[in-house]
Each structure stands twice: as C-alpha cells, then as structure tokens.
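Peer 1: One file is attached below, entry.cif, containing mmCIF, C-alpha atoms and all ligand atoms.
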data_input
#
loop_
_atom_site.label_atom_id
_atom_site.label_comp_id
_atom_site.auth_asym_id
_atom_site.auth_seq_id
_atom_site.Cartn_x
_atom_site.Cartn_y
_atom_site.Cartn_z
CA MET A 1110 -27.12 -17.76 31.20
CA LYS A 1111 -24.23 -15.57 32.24
CA ARG A 1112 -22.55 -13.70 29.46
CA VAL A 1113 -18.80 -14.21 29.43
CA LYS A 1114 -17.05 -10.87 29.67
CA GLU A 1115 -13.91 -9.94 27.85
CA PRO A 1116 -10.66 -10.52 29.71
CA LEU A 1117 -9.08 -7.40 31.22
CA TYR A 1118 -5.68 -8.11 29.70
CA ARG A 1119 -4.29 -8.93 26.31
CA LYS A 1120 -1.14 -10.34 24.88
CA TYR A 1121 1.34 -7.96 23.39
CA ASN A 1122 1.85 -8.05 19.69
CA LYS A 1123 5.61 -8.57 19.52
CA LEU A 1124 6.16 -6.10 16.70
CA ALA A 1125 4.28 -3.41 18.54
CA ARG A 1126 6.39 -3.60 21.69
CA GLY A 1127 7.45 -0.04 22.20
CA PHE A 1128 10.20 -0.15 24.78
CA HIS A 1129 12.48 1.85 22.60
CA HIS A 1130 14.49 3.38 25.40
CA ASN A 1131 15.95 0.08 26.42
CA SER A 1132 18.77 -0.97 24.18
CA LEU A 1133 17.26 -3.87 22.37
CA GLY A 1134 19.89 -4.08 19.69
CA GLY A 1135 19.82 -3.78 15.95
CA ALA A 1136 16.89 -6.09 15.40
CA PHE A 1137 14.62 -3.78 17.28
CA ARG A 1138 12.06 -1.83 15.36
CA TYR A 1139 9.48 0.64 16.52
CA GLN A 1140 7.43 1.44 13.53
CA ARG A 1141 5.60 4.52 14.68
CA ASN A 1142 8.62 6.46 15.87
CA THR A 1143 11.37 5.27 13.62
CA LYS A 1144 12.91 8.71 13.23
CA GLU A 1145 13.03 9.45 16.93
CA VAL A 1146 14.57 6.09 17.68
CA LYS A 1147 17.40 6.70 15.27
CA ASN A 1148 18.48 9.85 17.06
CA PHE A 1149 17.84 8.69 20.54
CA GLU A 1150 20.82 8.43 22.86
CA GLY A 1151 19.32 5.82 25.12
CA THR A 1152 19.48 7.42 28.53
CA HIS A 1153 16.06 6.65 29.93
CA MET A 1154 16.45 4.47 32.96
CA SER A 1155 14.37 2.19 35.10
CA VAL A 1156 11.60 1.50 32.71
CA ARG A 1157 9.31 -0.92 34.38
CA ARG A 1158 8.27 -3.45 31.82
CA THR A 1159 4.85 -4.88 31.98
CA ARG A 1160 5.50 -8.46 32.90
CA GLU A 1161 5.24 -11.58 30.81
CA GLY A 1162 4.17 -9.84 27.65
CA TYR A 1163 0.70 -9.00 28.86
CA ASP A 1164 -0.89 -5.63 28.63
CA TYR A 1165 -3.27 -4.78 31.44
CA THR A 1166 -4.51 -1.49 30.04
CA PRO A 1167 -8.11 -2.81 29.88
CA LEU A 1168 -7.88 -3.63 33.60
CA PHE A 1169 -6.64 -0.16 34.49
CA LYS A 1170 -9.43 1.47 32.51
CA PHE A 1171 -11.91 -0.85 34.14
CA LEU A 1172 -10.68 0.04 37.63
CA LEU A 1173 -10.67 3.78 36.97
CA SER A 1174 -14.14 3.63 35.50
CA ARG A 1175 -15.40 1.91 38.66
CA ALA A 1176 -14.05 4.53 41.10
CA GLY A 1177 -16.74 5.37 43.65
CA GLN A 1178 -18.25 1.88 43.57
CA ASN A 1179 -18.11 -1.10 45.92
CA TRP A 1180 -14.61 -2.52 46.06
CA ASP A 1181 -15.57 -6.11 46.78
CA LYS A 1182 -17.75 -6.29 43.71
CA ILE A 1183 -15.14 -4.63 41.52
CA PHE A 1184 -12.46 -6.94 42.84
CA SER A 1185 -14.38 -10.14 42.29
CA GLU A 1186 -15.33 -9.14 38.78
CA ALA A 1187 -11.74 -8.15 37.96
CA VAL A 1188 -10.35 -11.42 39.30
CA GLN A 1189 -12.71 -13.41 37.11
CA ARG A 1190 -11.48 -11.55 34.07
CA LEU A 1191 -7.74 -11.79 34.80
CA ASP A 1192 -5.03 -14.43 34.69
CA LYS A 1193 -3.75 -13.28 38.10
CA GLN A 1194 -4.64 -10.74 40.79
CA GLU A 1195 -1.33 -8.96 41.02
CA PRO A 1196 -1.90 -6.26 38.36
CA ILE A 1197 -4.94 -5.02 40.27
CA PHE A 1198 -2.60 -3.92 43.03
CA TRP A 1199 -0.32 -2.01 40.69
CA LEU A 1200 -3.09 0.59 40.69
CA VAL A 1201 -4.98 -0.15 43.85
CA ASP A 1202 -2.81 0.69 46.85
CA LEU A 1203 -4.58 -0.53 49.95
CA HIS A 1204 -1.93 1.08 52.14
CA PHE A 1205 -2.04 4.51 50.57
CA GLU A 1206 -1.60 7.27 53.11
CA GLN A 1207 -2.19 10.99 52.95
CA GLY A 1208 0.91 12.56 51.46
CA ASP A 1209 1.91 9.52 49.38
CA TYR A 1210 2.32 10.15 45.67
CA GLY A 1211 -0.95 9.37 43.93
CA VAL A 1212 0.49 8.34 40.56
CA VAL A 1213 1.91 5.02 39.49
CA SER A 1214 4.11 4.36 36.46
CA ILE A 1215 3.30 1.25 34.47
CA GLY A 1216 5.27 0.45 31.38
CA GLU A 1217 7.08 3.11 29.45
CA ASN A 1218 5.81 6.70 29.83
CA SER A 1219 2.48 5.42 31.00
CA TYR A 1220 1.04 6.77 34.24
CA TYR A 1221 -2.12 6.12 36.15
CA SER A 1222 -3.86 7.61 39.14
CA LYS A 1223 -3.45 5.39 42.14
CA LEU A 1224 -6.61 4.04 43.63
CA THR A 1225 -7.32 3.04 47.18
CA VAL A 1226 -10.20 1.70 49.21
CA GLN A 1227 -12.14 3.83 51.68
CA ASP A 1228 -15.31 2.71 53.44
CA ASP A 1229 -15.55 -0.28 51.07
CA LEU A 1230 -15.45 1.99 48.04
CA LEU A 1231 -12.77 2.13 45.42
CA VAL A 1232 -11.63 5.76 45.23
CA LEU A 1233 -8.87 7.85 43.68
CA ALA A 1234 -6.01 7.90 46.18
CA ASP A 1235 -5.32 11.56 45.48
CA PRO A 1236 -8.11 13.16 43.45
CA LYS A 1237 -6.03 16.30 42.88
CA VAL A 1238 -3.03 14.61 41.35
CA THR A 1239 -2.18 15.51 37.76
CA ALA A 1240 0.00 14.03 35.03
CA PRO A 1241 3.70 13.98 35.99
CA ALA A 1242 6.35 15.94 34.10
CA LYS A 1243 7.42 14.30 30.87
CA LEU A 1244 10.73 12.43 30.89
CA CYS A 1245 11.50 13.40 27.32
CA THR A 1246 9.92 15.05 24.33
CA CYS A 1247 10.39 12.20 21.88
CA CYS A 1248 7.75 9.83 23.27
CA THR A 1249 4.06 9.82 23.78
CA HIS A 1250 3.23 9.97 27.48
CA THR A 1251 -0.11 8.89 28.78
CA PHE A 1252 -1.96 9.59 31.98
CA ASN A 1253 -4.91 7.30 32.67
CA GLY A 1254 -4.72 6.21 29.07
CA ILE A 1255 -4.84 9.70 27.61
CA ALA A 1256 -1.85 11.12 25.73
CA TYR A 1257 -0.44 14.43 26.99
ZN ZN B 1301 11.52 9.52 24.64
#
Could you quickly redo this structure as structure tokens?
Peer 2:
Amino acid sequence: MKRVKEPLYRKYNKLARGFHHNSLGGAFRYQRNTKEVKNFEGTHMSVRRTREGYDYTPLFKFLLSRAGQNWDKIFSEAVQRLDKQEPIFWLVDLHFEQGDYGVVSIGENSYYSKLTVQDDLLVLADPKVTAPAKLCTCCTHTFNGIAY
C-alpha cells in the first residue's frame, strides 16, 4: 500500500496573516509585531500576496531540498501533493537564462532561490545568488525559509 504523503500547501490561519504593509484598516491585527505596525507609515509597495489564502512554503522547501535530482520525478510527486501546478513555477523557471536574477519574491519579505531544469535535473538557477537587500528594518525577511 502506498503511504499518502502530506500536501505541499496549507491554508492560512486568518489571524496569522501578516501582510501588515498593506493598509488593511483598523480591524487588522498582527500579533507578533504589534508595536512595529503602530508606527509604520505604510509605504511598502507591490507586495505579491500568495493567492487564495494558501501557503506553499512546504512546496518551496520540498523543491529546494530536491535540487540536483530528476525533474520529472520531482514534478510528478509535487503535482500529486498540490491543488494546482502553478506554484511550482513560481520557483522553477524553465526559461531562466544566464544573467537573469536568480531570486524570486513570494509573499511579503519572503525570497527564494529560483530553480531551473538542466539535463533533466532540477538545479539552482544561480547557485551564487544571495539574499536580497532588506526593504525595511521592521519586518522579518526570509531567504529560502531562513530569517536574515
Ligand atoms: Zn517592514
């Protein structure tokens, strides 16, 4: 019997939604950073919200952890554990070219190394790329899931 694996996405807990740089009005609460929110002027722009209230962090960790392995196998496993394929291609850029920026921004202050496919293997698009400069000092920024 095949063991059913955990899905690679999860539903956001509404209270924990941390998009505090969008003006969400008085009802909005961000419990961890209450003090920062109070003083924040609200100038951060173009935050790309993760769609439909789903968090694909487990997928991104899965993909990064499989770098160097066969893409077809990774892809078919990922698809089985997702509601849709699209989020795979937020990280995996099949058209990545030398000189393209090897980091993608997903959600607020959350960055990941882009991945691409070479010789049927999933690989880091730019293995030398590092965490981008922080947009502000009031928020936690993460690169590949690690705060910096
Ligand atoms: Zn901030």
Peer 1: Could you please extract the residues within 6 Å of ligand ZN 1301 (chain B), counting all atoms listed in the file, and hand them back as number ranges by chain?
Peer 2: A: 1245-1248
Peer 1: What is the CA of Lys1114 (chain A) to CA of Asp1192 (chain A) distance in Å?
Peer 2: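 If I compute the distance from CA of Lys1114 (chain A) to CA of Asp1192 (chain A), I get 13.5 Å.
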Peer 1: May I ask which of the residues A:Val1201, A:Leu1173, A:Val1212, A:Leu1168 is the closest one to Glu1186 (chain A), counting all atoms listed in the file?
Peer 2: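 Going through A:Val1201, A:Leu1173, A:Val1212, A:Leu1168 one by one, the smallest distance to Glu1186 (chain A) is for A:Leu1168.
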Peer 1: Compute the distance from (2.8, -5.6, 37.3) to each atom, counting all atoms listed in the file, keep the residues with any atom at most 12 Å away, and return them as a list in words; use the coordinates of the file.
Peer 2: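 Here the neighbourhood of the point contains Tyr1118, Arg1157, Arg1158, Thr1159, Arg1160, Glu1161, Gly1162, Tyr1163, Asp1164, Tyr1165, Thr1166, Leu1168, Phe1169, Lys1193, Gln1194, Glu1195, Pro1196, Ile1197, Phe1198, Trp1199, Leu1200, Val1201, Val1213, Ser1214, Ile1215 and Gly1216 of chain A.
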Peer 1: Could you rebuild region 1220-1231 of chain A with all heavy atoms and give me the result as a PDB file, in the frame of the given file?
Peer 2:
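The resulting file, result.pdb, is shown below:
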ATOM      1  N   TYR A1220       1.328   6.490  32.839  1.00  0.00           N
ATOM      2  CA  TYR A1220       1.040   6.770  34.240  1.00  0.00           C
ATOM      3  C   TYR A1220      -0.445   6.636  34.525  1.00  0.00           C
ATOM      4  O   TYR A1220      -1.275   6.912  33.664  1.00  0.00           O
ATOM      5  CB  TYR A1220       1.489   8.191  34.614  1.00  0.00           C
ATOM      6  CG  TYR A1220       2.938   8.445  34.310  1.00  0.00           C
ATOM      7  CD1 TYR A1220       3.308   9.105  33.133  1.00  0.00           C
ATOM      8  CD2 TYR A1220       3.934   7.997  35.170  1.00  0.00           C
ATOM      9  CE1 TYR A1220       4.640   9.319  32.833  1.00  0.00           C
ATOM     10  CE2 TYR A1220       5.272   8.206  34.871  1.00  0.00           C
ATOM     11  CZ  TYR A1220       5.619   8.868  33.707  1.00  0.00           C
ATOM     12  OH  TYR A1220       6.933   9.065  33.403  1.00  0.00           O
ATOM     13  N   TYR A1221      -0.732   6.240  35.738  1.00  0.00           N
ATOM     14  CA  TYR A1221      -2.120   6.120  36.150  1.00  0.00           C
ATOM     15  C   TYR A1221      -2.298   6.705  37.538  1.00  0.00           C
ATOM     16  O   TYR A1221      -1.372   6.684  38.353  1.00  0.00           O
ATOM     17  CB  TYR A1221      -2.547   4.641  36.190  1.00  0.00           C
ATOM     18  CG  TYR A1221      -2.684   4.030  34.814  1.00  0.00           C
ATOM     19  CD1 TYR A1221      -1.606   3.417  34.204  1.00  0.00           C
ATOM     20  CD2 TYR A1221      -3.885   4.107  34.119  1.00  0.00           C
ATOM     21  CE1 TYR A1221      -1.712   2.875  32.936  1.00  0.00           C
ATOM     22  CE2 TYR A1221      -4.009   3.562  32.857  1.00  0.00           C
ATOM     23  CZ  TYR A1221      -2.922   2.953  32.264  1.00  0.00           C
ATOM     24  OH  TYR A1221      -3.042   2.422  31.017  1.00  0.00           O
ATOM     25  N   SER A1222      -3.503   7.191  37.796  1.00  0.00           N
ATOM     26  CA  SER A1222      -3.860   7.610  39.140  1.00  0.00           C
ATOM     27  C   SER A1222      -3.935   6.388  40.028  1.00  0.00           C
ATOM     28  O   SER A1222      -4.556   5.395  39.660  1.00  0.00           O
ATOM     29  CB  SER A1222      -5.250   8.273  39.148  1.00  0.00           C
ATOM     30  OG  SER A1222      -5.263   9.419  38.361  1.00  0.00           O
ATOM     31  N   LYS A1223      -3.311   6.480  41.184  1.00  0.00           N
ATOM     32  CA  LYS A1223      -3.450   5.390  42.140  1.00  0.00           C
ATOM     33  C   LYS A1223      -4.869   5.385  42.692  1.00  0.00           C
ATOM     34  O   LYS A1223      -5.502   6.423  42.844  1.00  0.00           O
ATOM     35  CB  LYS A1223      -2.486   5.592  43.312  1.00  0.00           C
ATOM     36  CG  LYS A1223      -1.190   4.875  43.154  1.00  0.00           C
ATOM     37  CD  LYS A1223      -0.443   4.912  44.473  1.00  0.00           C
ATOM     38  CE  LYS A1223       1.031   4.624  44.242  1.00  0.00           C
ATOM     39  NZ  LYS A1223       1.808   4.859  45.464  1.00  0.00           N
ATOM     40  N   LEU A1224      -5.307   4.196  43.007  1.00  0.00           N
ATOM     41  CA  LEU A1224      -6.610   4.040  43.630  1.00  0.00           C
ATOM     42  C   LEU A1224      -6.417   3.441  45.019  1.00  0.00           C
ATOM     43  O   LEU A1224      -5.401   2.795  45.288  1.00  0.00           O
ATOM     44  CB  LEU A1224      -7.480   3.110  42.777  1.00  0.00           C
ATOM     45  CG  LEU A1224      -7.822   3.647  41.384  1.00  0.00           C
ATOM     46  CD1 LEU A1224      -8.172   2.524  40.428  1.00  0.00           C
ATOM     47  CD2 LEU A1224      -8.959   4.646  41.452  1.00  0.00           C
ATOM     48  N   THR A1225      -7.368   3.674  45.872  1.00  0.00           N
ATOM     49  CA  THR A1225      -7.320   3.040  47.180  1.00  0.00           C
ATOM     50  C   THR A1225      -8.745   2.718  47.610  1.00  0.00           C
ATOM     51  O   THR A1225      -9.690   2.992  46.858  1.00  0.00           O
ATOM     52  CB  THR A1225      -6.563   3.920  48.198  1.00  0.00           C
ATOM     53  OG1 THR A1225      -6.325   3.156  49.386  1.00  0.00           O
ATOM     54  CG2 THR A1225      -7.343   5.185  48.547  1.00  0.00           C
ATOM     55  N   VAL A1226      -8.875   2.100  48.750  1.00  0.00           N
ATOM     56  CA  VAL A1226     -10.200   1.700  49.210  1.00  0.00           C
ATOM     57  C   VAL A1226     -10.529   2.427  50.504  1.00  0.00           C
ATOM     58  O   VAL A1226      -9.744   2.404  51.457  1.00  0.00           O
ATOM     59  CB  VAL A1226     -10.271   0.166  49.413  1.00  0.00           C
ATOM     60  CG1 VAL A1226     -11.644  -0.236  49.963  1.00  0.00           C
ATOM     61  CG2 VAL A1226     -10.000  -0.545  48.096  1.00  0.00           C
ATOM     62  N   GLN A1227     -11.661   3.118  50.491  1.00  0.00           N
ATOM     63  CA  GLN A1227     -12.140   3.830  51.680  1.00  0.00           C
ATOM     64  C   GLN A1227     -13.594   3.480  51.900  1.00  0.00           C
ATOM     65  O   GLN A1227     -14.402   3.621  50.977  1.00  0.00           O
ATOM     66  CB  GLN A1227     -12.017   5.350  51.468  1.00  0.00           C
ATOM     67  CG  GLN A1227     -10.663   5.910  51.867  1.00  0.00           C
ATOM     68  CD  GLN A1227     -10.491   7.357  51.433  1.00  0.00           C
ATOM     69  OE1 GLN A1227     -11.465   8.041  51.118  1.00  0.00           O
ATOM     70  NE2 GLN A1227      -9.264   7.809  51.385  1.00  0.00           N
ATOM     71  N   ASP A1228     -13.922   3.066  53.118  1.00  0.00           N
ATOM     72  CA  ASP A1228     -15.310   2.710  53.440  1.00  0.00           C
ATOM     73  C   ASP A1228     -15.905   1.754  52.409  1.00  0.00           C
ATOM     74  O   ASP A1228     -17.028   1.960  51.931  1.00  0.00           O
ATOM     75  CB  ASP A1228     -16.187   3.976  53.533  1.00  0.00           C
ATOM     76  CG  ASP A1228     -15.641   4.958  54.553  1.00  0.00           C
ATOM     77  OD1 ASP A1228     -15.124   4.506  55.590  1.00  0.00           O
ATOM     78  OD2 ASP A1228     -15.716   6.176  54.306  1.00  0.00           O
ATOM     79  N   ASP A1229     -15.132   0.746  52.040  1.00  0.00           N
ATOM     80  CA  ASP A1229     -15.550  -0.280  51.070  1.00  0.00           C
ATOM     81  C   ASP A1229     -15.711   0.226  49.648  1.00  0.00           C
ATOM     82  O   ASP A1229     -16.170  -0.507  48.774  1.00  0.00           O
ATOM     83  CB  ASP A1229     -16.879  -0.949  51.501  1.00  0.00           C
ATOM     84  CG  ASP A1229     -16.768  -1.608  52.867  1.00  0.00           C
ATOM     85  OD1 ASP A1229     -15.673  -2.149  53.152  1.00  0.00           O
ATOM     86  OD2 ASP A1229     -17.738  -1.586  53.629  1.00  0.00           O
ATOM     87  N   LEU A1230     -15.354   1.462  49.409  1.00  0.00           N
ATOM     88  CA  LEU A1230     -15.450   1.990  48.040  1.00  0.00           C
ATOM     89  C   LEU A1230     -14.067   2.154  47.434  1.00  0.00           C
ATOM     90  O   LEU A1230     -13.117   2.549  48.117  1.00  0.00           O
ATOM     91  CB  LEU A1230     -16.157   3.354  48.045  1.00  0.00           C
ATOM     92  CG  LEU A1230     -17.579   3.406  48.620  1.00  0.00           C
ATOM     93  CD1 LEU A1230     -18.105   4.844  48.593  1.00  0.00           C
ATOM     94  CD2 LEU A1230     -18.518   2.475  47.855  1.00  0.00           C
ATOM     95  N   LEU A1231     -13.998   1.856  46.161  1.00  0.00           N
ATOM     96  CA  LEU A1231     -12.770   2.130  45.420  1.00  0.00           C
ATOM     97  C   LEU A1231     -12.756   3.619  45.092  1.00  0.00           C
ATOM     98  O   LEU A1231     -13.711   4.129  44.499  1.00  0.00           O
ATOM     99  CB  LEU A1231     -12.754   1.298  44.133  1.00  0.00           C
ATOM    100  CG  LEU A1231     -11.512   1.435  43.252  1.00  0.00           C
ATOM    101  CD1 LEU A1231     -10.288   0.822  43.925  1.00  0.00           C
ATOM    102  CD2 LEU A1231     -11.737   0.773  41.896  1.00  0.00           C
TER     103      LEU A1231
END
